[in-house]
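Below: the structure, in structure tokens.
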Amino acid sequence: MGKIESTIKNLLIDKFNPSLLSITNESYMHNVPEGSESHFKIVLVSDSFKDIPKIKQHQKIYKVLGKLMNSIHALSIYSFDEMEYENNPVIIDSPNCANKK
């Protein structure tokens, strides 16, 4: 786990106390140098999202990540409250980058 991924993990755990947190560095799928930390997928399940619209959930996540977002090129977010995830845990696979060589 790289420095940026580790920082994302710590920030999200501290703020949202998730029952499930998955952070995937998808940089390898893109045209970036080996070992890059620029493209991430986050799956975050927390009851702190209960009755909060998706856009507000994502805004909360971006706010927590703050200046760290300056180091991230792309962030895919799947956020759920407990019941929502239990009823419909839909996570879409990320597409391959069109520019990957």
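Chain labels A, B, ... are given in the sequence in which chains occur in the structure tokens; within each chain residues are numbered consecutively from 1, and ligands are likewise numbered from 1 in the order shown.
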What's around A:Leu20 at 9 Å? Count only C-alpha atoms, leave out sequence neighbours fewer than 4 positions away in its own chain, and write the answer as a JSON list (two decimals) with all heavy atoms, in the first residue's frame.
```
[["chain", "number", "residue", "atom", "x", "y", "z"],
["A", 43, "VAL", "N", -14.87, 1.98, -2.11],
["A", 43, "VAL", "CA", -16.17, 1.47, -1.69],
["A", 43, "VAL", "C", -16.22, 1.71, -0.19],
["A", 43, "VAL", "O", -15.37, 1.21, 0.56],
["A", 43, "VAL", "CB", -16.34, -0.03, -2.00],
["A", 43, "VAL", "CG1", -17.71, -0.51, -1.52],
["A", 43, "VAL", "CG2", -16.16, -0.30, -3.49],
["A", 44, "LEU", "N", -17.20, 2.49, 0.24],
["A", 44, "LEU", "CA", -17.29, 2.91, 1.65],
["A", 44, "LEU", "C", -18.71, 2.68, 2.15],
["A", 44, "LEU", "O", -19.66, 3.24, 1.60],
["A", 44, "LEU", "CB", -16.91, 4.39, 1.75],
["A", 44, "LEU", "CG", -16.95, 5.07, 3.10],
["A", 44, "LEU", "CD1", -16.02, 4.38, 4.10],
["A", 44, "LEU", "CD2", -16.56, 6.52, 2.96],
["A", 45, "VAL", "N", -18.84, 1.84, 3.17],
["A", 45, "VAL", "CA", -20.14, 1.57, 3.78],
["A", 45, "VAL", "C", -20.10, 2.10, 5.21],
["A", 45, "VAL", "O", -19.25, 1.68, 6.00],
["A", 45, "VAL", "CB", -20.47, 0.06, 3.78],
["A", 45, "VAL", "CG1", -21.82, -0.20, 4.44],
["A", 45, "VAL", "CG2", -20.44, -0.49, 2.36],
["A", 46, "SER", "N", -21.00, 3.02, 5.50],
["A", 46, "SER", "CA", -21.03, 3.63, 6.82],
["A", 46, "SER", "C", -22.43, 4.14, 7.13],
["A", 46, "SER", "O", -23.08, 4.73, 6.26],
["A", 46, "SER", "CB", -20.05, 4.81, 6.87],
["A", 46, "SER", "OG", -20.19, 5.53, 8.08]]
```
Can you pull out the residues contacting A:Thr24? Cut-off 10 Å, using only C-alpha atoms, and skip same-chain residues under 4 positions away; I want them as a JSON list (two decimals) with all heavy atoms, in the first residue's frame.
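As written to disk, result38.json reads:
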```json
[["chain", "number", "residue", "atom", "x", "y", "z"],
["A", 1, "MET", "N", 0.85, -1.17, 0.00],
["A", 1, "MET", "CA", 0.00, 0.00, 0.00],
["A", 1, "MET", "C", 0.89, 1.23, 0.00],
["A", 1, "MET", "O", 1.77, 1.37, 0.83],
["A", 1, "MET", "CB", -0.91, -0.01, 1.23],
["A", 1, "MET", "CG", -1.83, 1.19, 1.31],
["A", 1, "MET", "SD", -2.93, 1.23, 2.75],
["A", 1, "MET", "CE", -3.78, -0.30, 2.61],
["A", 5, "GLU", "N", -2.57, 6.00, -0.85],
["A", 5, "GLU", "CA", -3.62, 5.03, -0.50],
["A", 5, "GLU", "C", -3.75, 4.88, 1.01],
["A", 5, "GLU", "O", -4.87, 4.84, 1.55],
["A", 5, "GLU", "CB", -3.31, 3.67, -1.14],
["A", 5, "GLU", "CG", -4.38, 2.64, -0.92],
["A", 5, "GLU", "CD", -4.10, 1.32, -1.62],
["A", 5, "GLU", "OE1", -3.15, 1.26, -2.44],
["A", 5, "GLU", "OE2", -4.83, 0.36, -1.36],
["A", 37, "GLU", "N", 0.19, 6.48, -7.96],
["A", 37, "GLU", "CA", -1.01, 6.50, -7.12],
["A", 37, "GLU", "C", -1.86, 7.69, -7.58],
["A", 37, "GLU", "O", -1.89, 8.72, -6.95],
["A", 37, "GLU", "CB", -0.66, 6.66, -5.66],
["A", 37, "GLU", "CG", 0.03, 5.46, -5.04],
["A", 37, "GLU", "CD", 0.19, 5.63, -3.56],
["A", 37, "GLU", "OE1", 1.18, 6.28, -3.14],
["A", 37, "GLU", "OE2", -0.68, 5.15, -2.81],
["A", 39, "HIS", "N", -5.09, 7.04, -9.63],
["A", 39, "HIS", "CA", -6.46, 6.62, -9.95],
["A", 39, "HIS", "C", -6.93, 5.63, -8.88],
["A", 39, "HIS", "O", -6.30, 4.58, -8.71],
["A", 39, "HIS", "CB", -6.50, 5.94, -11.31],
["A", 39, "HIS", "CG", -6.12, 6.81, -12.46],
["A", 39, "HIS", "ND1", -4.83, 7.26, -12.68],
["A", 39, "HIS", "CD2", -6.87, 7.34, -13.46],
["A", 39, "HIS", "CE1", -4.80, 8.00, -13.77],
["A", 39, "HIS", "NE2", -6.03, 8.07, -14.27],
["A", 40, "PHE", "N", -8.03, 5.94, -8.21],
["A", 40, "PHE", "CA", -8.51, 5.09, -7.13],
["A", 40, "PHE", "C", -10.01, 4.81, -7.23],
["A", 40, "PHE", "O", -10.77, 5.65, -7.73],
["A", 40, "PHE", "CB", -8.26, 5.75, -5.76],
["A", 40, "PHE", "CG", -6.82, 5.81, -5.38],
["A", 40, "PHE", "CD1", -6.07, 6.95, -5.65],
["A", 40, "PHE", "CD2", -6.19, 4.75, -4.75],
["A", 40, "PHE", "CE1", -4.73, 7.01, -5.31],
["A", 40, "PHE", "CE2", -4.85, 4.81, -4.40],
["A", 40, "PHE", "CZ", -4.12, 5.94, -4.68],
["A", 41, "LYS", "N", -10.40, 3.65, -6.74],
["A", 41, "LYS", "CA", -11.81, 3.31, -6.55],
["A", 41, "LYS", "C", -12.00, 3.07, -5.05],
["A", 41, "LYS", "O", -11.24, 2.32, -4.42],
["A", 41, "LYS", "CB", -12.20, 2.05, -7.30],
["A", 41, "LYS", "CG", -13.68, 1.67, -7.09],
["A", 41, "LYS", "CD", -14.02, 0.28, -7.60],
["A", 41, "LYS", "CE", -14.09, 0.26, -9.08],
["A", 41, "LYS", "NZ", -14.58, -1.03, -9.61],
["A", 42, "ILE", "N", -13.03, 3.72, -4.50],
["A", 42, "ILE", "CA", -13.35, 3.58, -3.08],
["A", 42, "ILE", "C", -14.75, 3.00, -2.95],
["A", 42, "ILE", "O", -15.69, 3.48, -3.59],
["A", 42, "ILE", "CB", -13.31, 4.96, -2.37],
["A", 42, "ILE", "CG1", -11.90, 5.51, -2.36],
["A", 42, "ILE", "CG2", -13.87, 4.85, -0.96],
["A", 42, "ILE", "CD1", -11.82, 6.93, -1.84],
["A", 43, "VAL", "N", -14.87, 1.98, -2.11],
["A", 43, "VAL", "CA", -16.17, 1.47, -1.69],
["A", 43, "VAL", "C", -16.22, 1.71, -0.19],
["A", 43, "VAL", "O", -15.37, 1.21, 0.56],
["A", 43, "VAL", "CB", -16.34, -0.03, -2.00],
["A", 43, "VAL", "CG1", -17.71, -0.51, -1.52],
["A", 43, "VAL", "CG2", -16.16, -0.30, -3.49],
["A", 75, "LEU", "N", -11.01, 9.63, -9.08],
["A", 75, "LEU", "CA", -11.53, 8.95, -7.89],
["A", 75, "LEU", "C", -12.95, 8.47, -8.19],
["A", 75, "LEU", "O", -13.84, 9.27, -8.49],
["A", 75, "LEU", "CB", -11.54, 9.90, -6.70],
["A", 75, "LEU", "CG", -12.01, 9.35, -5.37],
["A", 75, "LEU", "CD1", -11.09, 8.23, -4.88],
["A", 75, "LEU", "CD2", -12.07, 10.46, -4.32],
["A", 76, "SER", "N", -13.14, 7.16, -8.12],
["A", 76, "SER", "CA", -14.46, 6.56, -8.29],
["A", 76, "SER", "C", -14.97, 6.21, -6.91],
["A", 76, "SER", "O", -14.29, 5.51, -6.15],
["A", 76, "SER", "CB", -14.31, 5.31, -9.16],
["A", 76, "SER", "OG", -15.53, 4.65, -9.31]]
```
**OP:** Please identify which residues in stretch 32-82 of chain A DSSP calls strand (DSSP E or B) from the backbone, and express them as an MDAnalysis selection string.
**Re:** chainID A and resid 39:45 74:80
Original post:
For A:Glu82, which residue among A:Asp47, A:Gly2, A:Lys56, A:Glu34 is the nearest when counting only C-alpha atoms?
Top reply: A:Asp47
Original post:
Which residue gives the smallest distance to A:His73 among A:Ser6, A:Ser36, A:Ser94, A:Gln59, with only C-alpha atoms counted?
Top reply: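 Using only C-alpha atoms, the shortest distance to A:His73 belongs to A:Ser36.
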Subject >> Between atom CA of A:Asn31 and atom CA of A:Ser71, distance in Å (one decimal) >> reply: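 Between atom CA of A:Asn31 and atom CA of A:Ser71 the gap works out to 16.0 Å.
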